[in-house]
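Quick notes on the structure that follows.
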Amino acid sequence: MTAIDRPTSEPEVPVVDSPPDARPVGWSHRHLLDTDVLSWADIELVMRTADEMRDVLARPIARVPALRGRSVTILFYEASTRTRVSFEVAAKNLSADVVNIAAAASSIAKGESLVDTVRTVEALGAQMLVIRHAVSGAPYLAAETFGGSVVNAGDGWHAHPTQALLDLYTMRAHLGESSPEGGSLDGRSLEGRKVVILGDVLHSRVARSNIWTLTAAGADLWLCGPPTLLHGFEAWAARGAAAGRRFQVTSSVDDALRDADVVMALRIQRERMASGLLPSLREYAARWGLTAERLALARPDALVMHPGPMNEGVEIAPDVAVGAQSRITEQVKNGVAVRMALLYLLAGVAPHGGGE
Amino acid sequence: MTAIDRPTSEPEVPVVDSPPDARPVGWSHRHLLDTDVLSWADIELVMRTADEMRDVLARPIARVPALRGRSVTILFYEASTRTRVSFEVAAKNLSADVVNIAAAASSIAKGESLVDTVRTVEALGAQMLVIRHAVSGAPYLAAETFGGSVVNAGDGWHAHPTQALLDLYTMRAHLGESSPEGGSLDGRSLEGRKVVILGDVLHSRVARSNIWTLTAAGADLWLCGPPTLLHGFEAWAARGAAAGRRFQVTSSVDDALRDADVVMALRIQRERMASGLLPSLREYAARWGLTAERLALARPDALVMHPGPMNEGVEIAPDVAVGAQSRITEQVKNGVAVRMALLYLLAGVAPHGGGE
Amino acid sequence: MTAIDRPTSEPEVPVVDSPPDARPVGWSHRHLLDTDVLSWADIELVMRTADEMRDVLARPIARVPALRGRSVTILFYEASTRTRVSFEVAAKNLSADVVNIAAAASSIAKGESLVDTVRTVEALGAQMLVIRHAVSGAPYLAAETFGGSVVNAGDGWHAHPTQALLDLYTMRAHLGESSPEGGSLDGRSLEGRKVVILGDVLHSRVARSNIWTLTAAGADLWLCGPPTLLHGFEAWAARGAAAGRRFQVTSSVDDALRDADVVMALRIQRERMASGLLPSLREYAARWGLTAERLALARPDALVMHPGPMNEGVEIAPDVAVGAQSRITEQVKNGVAVRMALLYLLAGVAPHGGGE
């Protein structure tokens, strides 16, 4: 666990129309495997670079030459639309060359090891590797082998760092002290804001990565769900408190939602029913679903968020999903900007060039 | 049903090397969901723009910058080679950025709703959405949500408008009064030409979309197939006649083919056998297959067409499929030009820019 | 079987930054279906062009405009990561437009014939077709129909010519008389070098294509494996000897490996067990697997190669796969350069332009 250091001066934001290695910007990470190693200065640099990328996205032709000639391989061992396409669009907006590899359609089915695949992908020219894998820790194994930068696009129940950063970016845009237009960095951006993550926390890599960023941002974080789906998080909360990462764990939806500034519902995996951890989708919806009635407990302008894809009518009611408070499509849009920012920053650190 | 208006003056054809919004060209449709809403002037504009695109395809580098910076997402819920690749090549020839999403390889498998997927795809930056779906009407639902242009690439049994337009384009090139080299627009291009659609009309979105364009073009249209696979079309023919959309329905192959100018065989879906609508592939081939012997009933220079993919030896004999009268690969080639024309025209209407 | 002619003067190497048809380079093949029709001059031209491509890969932006405006379609009826991506990267590095078609996600599942698919792909604009198919000979059938160039990316047990050429390229870089820096062409590059191909030779298209190139290069070639997996190769060796293509066939691993300069292990297909041709993976590994102990029989600096994907612990021990003598990832890297060279040379011969 890293210290949550606070910068004393404003970080230099990169000029994103230039190559990422044109000048130093204070970013030192070669890989993005989880949010737990990011300092507050790192996080704030991602946020401010993402602001720049939002400006790029608003241009008539949303493209900068920053990663021209760089090869980004997107290697997904799990099906995904939004995350895969988000990375693809982000990389192409930076003028990178993109190769997509879907596990189902690849010789990975032939039993080749992950490490061998990573070695092969690198030999084929990849300089950045975006990887999603069903096994927690797989991107760490990839990073030990791969000569360039590895970005974790979701590994098992473990981590989904780009999701956590786009979630923070979305909250900050509405609640943060430091708005996109500039502003003070004296405090962390969600200081004193009550943020609730509601649902199957146990199996959620989104929740795990969000714990690090949201506590770093100073949020009053509440994890809420059925007791069977919070297992182990009370112990984490106790350890976290000792290290200055404070969050609450509760099974009371009412306690969690009362006066919340943000409510993020998590996807219920239908396959959890079989394991006996959940009674039925209907019962889950009745007891834990984010309905308009429950949302009324939160602050009137509370943000409604969801990492997607949604089971509408289960963890979130359809009218809430598309209601006035919903920021769900905004999350998707911000995802492209945040991933552009991350690829840009990582490219400034990663060794590259010459294919040798 | 729209009026089949005839332009009194020649439509202005766009200069396809310019951006599509450079000047008005008389196209007003934001989406292309079916051919039933296209006026004759609309159809003629597509044909003439496709002529321009054929010229582009004949250049050493078949690319114009018309859609540079525009994002086209191709979202296919059904497997396809020719249609998916045709749209991909068409969009790339116009310099658009293309994202492919295949349902089987995506989180659509996780049960996300179509509307949620469309919302996500738009938030990821798509400005034009090309969609194929097994459910009739799905593209209409998409168009209600999507902020840009939706193109129907085939929905259930309902419609396949780009196929109908490329079919018309192919017939017009050989039979039309208004040839690609220019010519009069006094009459509709297939006036007095006998066009036969032969096969499983009941389940064919190709047949349905062709009814609108071919009657608009003034063709003497005949639908022919086993009585079980023509169900409901006699009633449509009666209604159509009242509205000036005249076509014949018959189960007599001889009556249909006699003196035909065009014979279009439809694909037989092998899965129809199970439903009892068809006796066997062998019997279908014997009674309804387009053989050289049957084709001899048509005019000597009659065009042989098929939307593909073919079951050679079932609905069409192999020697007919590749014979001198076959225009089947020409249809595929024209498909790229027609889809370029449509994307170009739609892009002139669709709201775009700035990703906001 | 072609004559293994030797050039009397050094072949002209193309200037790979120019269009491939800018000037003649002595390459006359329109297709690359197997290595058996390549003369030694052809092979040497591929090697020297690949040297140029390695230089391109070493540039900060590894791209030349040689195939700008050319369309390359990669049509794979079998799953693959390394070969599919290698061709995709190679074509993109040459600035070609690339279309990927995976059989599983295409209407090929609907029963369309190969010839019809090839005709369609050409009508959609493809000028070069890279094809992989489970049926031996399929690329030859494609070449009879396709108007441009066909490249065999692996067909059944029959041939995998680009793999054989990248294997030769990798051996030549370490062992050849004519080094990349230039050098004499008086002799064939592997004259007197002992090269061993170890494993399931019977089902290996890699082995078959390598026989042609390695005997052309003058190697002392040994095929080694279980007797059941060498069936028919003794007869071939006898015929080959008469035609000046000399190679050994043996089931003695010790005889084969002793003093070898190169040991190439072949992938064991797990599905061979069912056929009774192999006892078990464990027994195969024990008797034929390339272990450090066995490798010690070879020369101290012998190259270890494998076409991938590997079953580590079966046909090759993990420590050997990543050991100091392993050239396996170098093979992958060279594969991109060799495929760039081949696409470049073929594009100089293939008819193209104008899409007509």
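Letters for chains follow the order of the structure tokens (A, B, ...), residue numbers begin at 1 for each chain, and ligand numbers begin at 1 in the order shown.
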Contact residues around stretch 192-208 of chain B with only C-alpha atoms at 9 Å, ignoring same-chain residues under 5 positions, as a ChimeraX atom specification: /B:154-161,163-164,175,214,218-226,228-233,253,256-257,259-269,288-290,307,315
Only residues of chain B matter here; which ones have an atom within 10 Å of chain C, counting only C-alpha atoms? Give them as a PDB file with C-alpha atoms, in the first residue's frame.
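Contents of selection14.pdb, as written:
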```
ATOM      1  CA  ARG B  54     -17.827   2.986 -58.948  1.00  0.00           C
ATOM      2  CA  ASP B  55     -15.490   5.557 -60.469  1.00  0.00           C
ATOM      3  CA  VAL B  56     -13.711   5.876 -57.122  1.00  0.00           C
ATOM      4  CA  LEU B  57     -13.362   2.078 -56.945  1.00  0.00           C
ATOM      5  CA  ALA B  58     -11.715   2.164 -60.384  1.00  0.00           C
ATOM      6  CA  ARG B  59      -8.942   4.489 -59.193  1.00  0.00           C
ATOM      7  CA  PRO B  60      -5.527   3.027 -58.374  1.00  0.00           C
ATOM      8  CA  ILE B  61      -6.124   3.965 -54.741  1.00  0.00           C
ATOM      9  CA  ALA B  62      -9.840   3.550 -54.158  1.00  0.00           C
ATOM     10  CA  ARG B  63     -10.187   6.041 -51.367  1.00  0.00           C
ATOM     11  CA  GLU B  78     -25.854 -12.575 -36.910  1.00  0.00           C
ATOM     12  CA  ALA B  79     -22.836 -14.075 -38.638  1.00  0.00           C
ATOM     13  CA  SER B  80     -22.076 -12.679 -42.083  1.00  0.00           C
ATOM     14  CA  THR B  81     -19.112 -12.418 -44.390  1.00  0.00           C
ATOM     15  CA  ARG B  82     -20.217 -10.499 -47.409  1.00  0.00           C
ATOM     16  CA  THR B  83     -22.427  -7.857 -45.827  1.00  0.00           C
ATOM     17  CA  ARG B  84     -20.127  -7.156 -42.899  1.00  0.00           C
ATOM     18  CA  VAL B  85     -17.019  -6.905 -45.053  1.00  0.00           C
ATOM     19  CA  SER B  86     -18.886  -4.897 -47.701  1.00  0.00           C
ATOM     20  CA  PHE B  87     -19.805  -2.234 -45.159  1.00  0.00           C
ATOM     21  CA  GLU B  88     -16.311  -2.321 -43.657  1.00  0.00           C
ATOM     22  CA  VAL B  89     -14.645  -1.811 -47.038  1.00  0.00           C
ATOM     23  CA  ALA B  90     -17.192   0.850 -48.038  1.00  0.00           C
ATOM     24  CA  LYS B  92     -12.822   2.521 -45.074  1.00  0.00           C
ATOM     25  CA  ASN B  93     -12.879   3.605 -48.732  1.00  0.00           C
ATOM     26  CA  ALA B 102     -19.657  -9.354 -33.441  1.00  0.00           C
ATOM     27  CA  ALA B 103     -22.379 -10.396 -31.037  1.00  0.00           C
ATOM     28  CA  ALA B 104     -20.896 -13.820 -30.370  1.00  0.00           C
ATOM     29  CA  ALA B 105     -17.618 -12.295 -29.199  1.00  0.00           C
ATOM     30  CA  GLN B 269     -32.396 -21.916 -45.256  1.00  0.00           C
ATOM     31  CA  ARG B 270     -31.745 -25.544 -44.397  1.00  0.00           C
ATOM     32  CA  GLY B 308     -25.723 -14.983 -51.452  1.00  0.00           C
ATOM     33  CA  PRO B 309     -24.506 -17.055 -49.820  1.00  0.00           C
ATOM     34  CA  MET B 310     -25.648 -19.714 -52.264  1.00  0.00           C
ATOM     35  CA  ASN B 311     -26.572 -23.323 -51.685  1.00  0.00           C
ATOM     36  CA  GLU B 312     -25.364 -24.432 -55.073  1.00  0.00           C
ATOM     37  CA  ALA B 321     -24.479 -19.683 -60.717  1.00  0.00           C
ATOM     38  CA  VAL B 322     -21.283 -19.134 -62.679  1.00  0.00           C
ATOM     39  CA  ILE B 328     -23.818 -12.570 -58.797  1.00  0.00           C
ATOM     40  CA  THR B 329     -20.259 -11.392 -58.262  1.00  0.00           C
ATOM     41  CA  GLU B 330     -21.194  -8.108 -59.929  1.00  0.00           C
ATOM     42  CA  GLN B 331     -23.851  -7.741 -57.228  1.00  0.00           C
ATOM     43  CA  VAL B 332     -21.157  -8.117 -54.566  1.00  0.00           C
ATOM     44  CA  LYS B 333     -18.938  -5.526 -56.251  1.00  0.00           C
ATOM     45  CA  ASN B 334     -21.847  -3.116 -56.692  1.00  0.00           C
ATOM     46  CA  GLY B 335     -22.690  -3.626 -53.036  1.00  0.00           C
ATOM     47  CA  VAL B 336     -19.521  -1.801 -52.016  1.00  0.00           C
ATOM     48  CA  ALA B 337     -20.321   1.145 -54.317  1.00  0.00           C
TER      49      ALA B 337
END
```
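You can rank C:Ala324, C:Ser95, C:Val349, C:Ala138 by their closest distance to C:Ala302 using only C-alpha atoms, and at the top of that list sits C:Ala324.
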Pick out each residue of stretch 207-244 of chain C that DSSP on the backbone tags as strand (DSSP E); I need them as a PyMOL selection string. chain C and resi 220-224
Write out, as a CSV table (one decimal), in the first residue's frame, the residues just selected, with C-alpha atoms.
```csv
chain,number,residue,atom,x,y,z
C,220,ASP,CA,22.0,-32.2,-44.1
C,221,LEU,CA,18.4,-32.7,-43.1
C,222,TRP,CA,17.2,-35.4,-40.6
C,223,LEU,CA,13.5,-36.2,-39.9
C,224,CYS,CA,13.1,-37.9,-36.6
```
Could you please write out, as a PyMOL selection string, every residue of stretch 114-321 of chain B that DSSP assigns to helix (DSSP H, G or I)? chain B and resi 114-123+138-145+161-175+205-216+227-229+233-242+253-257+270-275+281-288+292-295+318-321
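Take atom CA of A:Ala285 and atom CA of A:Val314: the distance between them is 4.6 Å.
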Might you pull out every residue within 8 Å of stretch 21-33 of chain C, with only C-alpha atoms counted and same-chain residues fewer than 3 positions away left off, and present them as number ranges by chain? C: 11-14, 18, 42, 45, 139-140, 143, 148-152, 159, 161, 345-350
Resulting file, chosen residues, N, CA and C atoms, as an mmCIF file, in the first residue's frame:
```
data_model
loop_
_atom_site.group_PDB
_atom_site.id
_atom_site.type_symbol
_atom_site.label_atom_id
_atom_site.label_comp_id
_atom_site.auth_asym_id
_atom_site.auth_seq_id
_atom_site.Cartn_x
_atom_site.Cartn_y
_atom_site.Cartn_z
ATOM 1 N N PRO C 11 21.436 -11.438 -56.823
ATOM 2 C CA PRO C 11 20.140 -10.937 -57.276
ATOM 3 C C PRO C 11 19.971 -9.475 -56.863
ATOM 4 N N GLU C 12 19.229 -8.769 -57.682
ATOM 5 C CA GLU C 12 18.908 -7.392 -57.348
ATOM 6 C C GLU C 12 17.912 -7.390 -56.197
ATOM 7 N N VAL C 13 18.194 -6.679 -55.152
ATOM 8 C CA VAL C 13 17.271 -6.625 -54.017
ATOM 9 C C VAL C 13 16.390 -5.388 -54.188
ATOM 10 N N PRO C 14 15.081 -5.530 -54.006
ATOM 11 C CA PRO C 14 14.193 -4.390 -54.234
ATOM 12 C C PRO C 14 14.420 -3.271 -53.209
ATOM 13 N N SER C 18 9.883 1.773 -52.156
ATOM 14 C CA SER C 18 9.183 2.093 -53.403
ATOM 15 C C SER C 18 8.011 1.130 -53.587
ATOM 16 N N ASP C 42 14.967 -17.676 -56.157
ATOM 17 C CA ASP C 42 13.745 -17.150 -55.538
ATOM 18 C C ASP C 42 13.905 -17.065 -54.023
ATOM 19 N N LEU C 45 16.197 -14.420 -52.938
ATOM 20 C CA LEU C 45 15.587 -13.097 -53.082
ATOM 21 C C LEU C 45 14.647 -12.802 -51.913
ATOM 22 N N PRO C 139 -5.856 -23.913 -50.802
ATOM 23 C CA PRO C 139 -5.335 -22.678 -51.411
ATOM 24 C C PRO C 139 -5.125 -22.804 -52.927
ATOM 25 N N TYR C 140 -4.870 -24.023 -53.396
ATOM 26 C CA TYR C 140 -4.724 -24.218 -54.838
ATOM 27 C C TYR C 140 -6.060 -23.988 -55.530
ATOM 28 N N ALA C 143 -6.650 -20.381 -55.658
ATOM 29 C CA ALA C 143 -5.822 -19.702 -56.664
ATOM 30 C C ALA C 143 -6.384 -19.868 -58.070
ATOM 31 N N GLY C 148 -6.246 -12.208 -58.014
ATOM 32 C CA GLY C 148 -5.010 -11.625 -57.503
ATOM 33 C C GLY C 148 -4.048 -12.696 -57.053
ATOM 34 N N SER C 149 -3.347 -12.416 -55.954
ATOM 35 C CA SER C 149 -2.360 -13.353 -55.418
ATOM 36 C C SER C 149 -2.922 -14.115 -54.235
ATOM 37 N N VAL C 150 -2.644 -15.411 -54.185
ATOM 38 C CA VAL C 150 -3.033 -16.226 -53.040
ATOM 39 C C VAL C 150 -1.781 -16.642 -52.273
ATOM 40 N N VAL C 151 -1.819 -16.478 -50.958
ATOM 41 C CA VAL C 151 -0.737 -16.934 -50.095
ATOM 42 C C VAL C 151 -1.287 -18.025 -49.190
ATOM 43 N N ASN C 152 -0.661 -19.175 -49.210
ATOM 44 C CA ASN C 152 -1.041 -20.292 -48.350
ATOM 45 C C ASN C 152 -0.472 -20.065 -46.953
ATOM 46 N N ALA C 159 1.120 -28.005 -46.501
ATOM 47 C CA ALA C 159 2.175 -27.005 -46.686
ATOM 48 C C ALA C 159 1.961 -25.781 -45.814
ATOM 49 N N PRO C 161 4.217 -22.617 -46.378
ATOM 50 C CA PRO C 161 5.452 -22.097 -46.984
ATOM 51 C C PRO C 161 6.063 -20.885 -46.274
ATOM 52 N N LEU C 345 6.993 -8.886 -52.730
ATOM 53 C CA LEU C 345 7.393 -9.495 -54.002
ATOM 54 C C LEU C 345 6.173 -9.924 -54.813
ATOM 55 N N LEU C 346 5.195 -10.528 -54.157
ATOM 56 C CA LEU C 346 3.987 -10.967 -54.863
ATOM 57 C C LEU C 346 3.237 -9.776 -55.449
ATOM 58 N N ALA C 347 3.220 -8.669 -54.724
ATOM 59 C CA ALA C 347 2.468 -7.491 -55.191
ATOM 60 C C ALA C 347 3.079 -6.910 -56.463
ATOM 61 N N GLY C 348 4.354 -7.206 -56.688
ATOM 62 C CA GLY C 348 4.982 -6.722 -57.913
ATOM 63 C C GLY C 348 4.546 -7.508 -59.146
ATOM 64 N N VAL C 349 3.970 -8.684 -58.920
ATOM 65 C CA VAL C 349 3.567 -9.559 -60.018
ATOM 66 C C VAL C 349 2.062 -9.544 -60.223
ATOM 67 N N ALA C 350 1.335 -9.488 -59.094
ATOM 68 C CA ALA C 350 -0.116 -9.649 -59.163
ATOM 69 C C ALA C 350 -0.752 -8.544 -59.985
#
```
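Atom pair atom CA of A:Ala41 / atom CA of A:Phe247 has a distance of 21.1 Å (rounded to one decimal).
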Would you list the contacts of B:Met47 as JSON, numbers by chain, taking every protein, DNA or RNA residue within 9 Å and counting only C-alpha atoms, but skipping same-chain residues closer than 3 positions in sequence? {"B": [42, 43, 44, 50, 51, 52, 165, 166, 168, 169, 172, 180, 338, 341]}
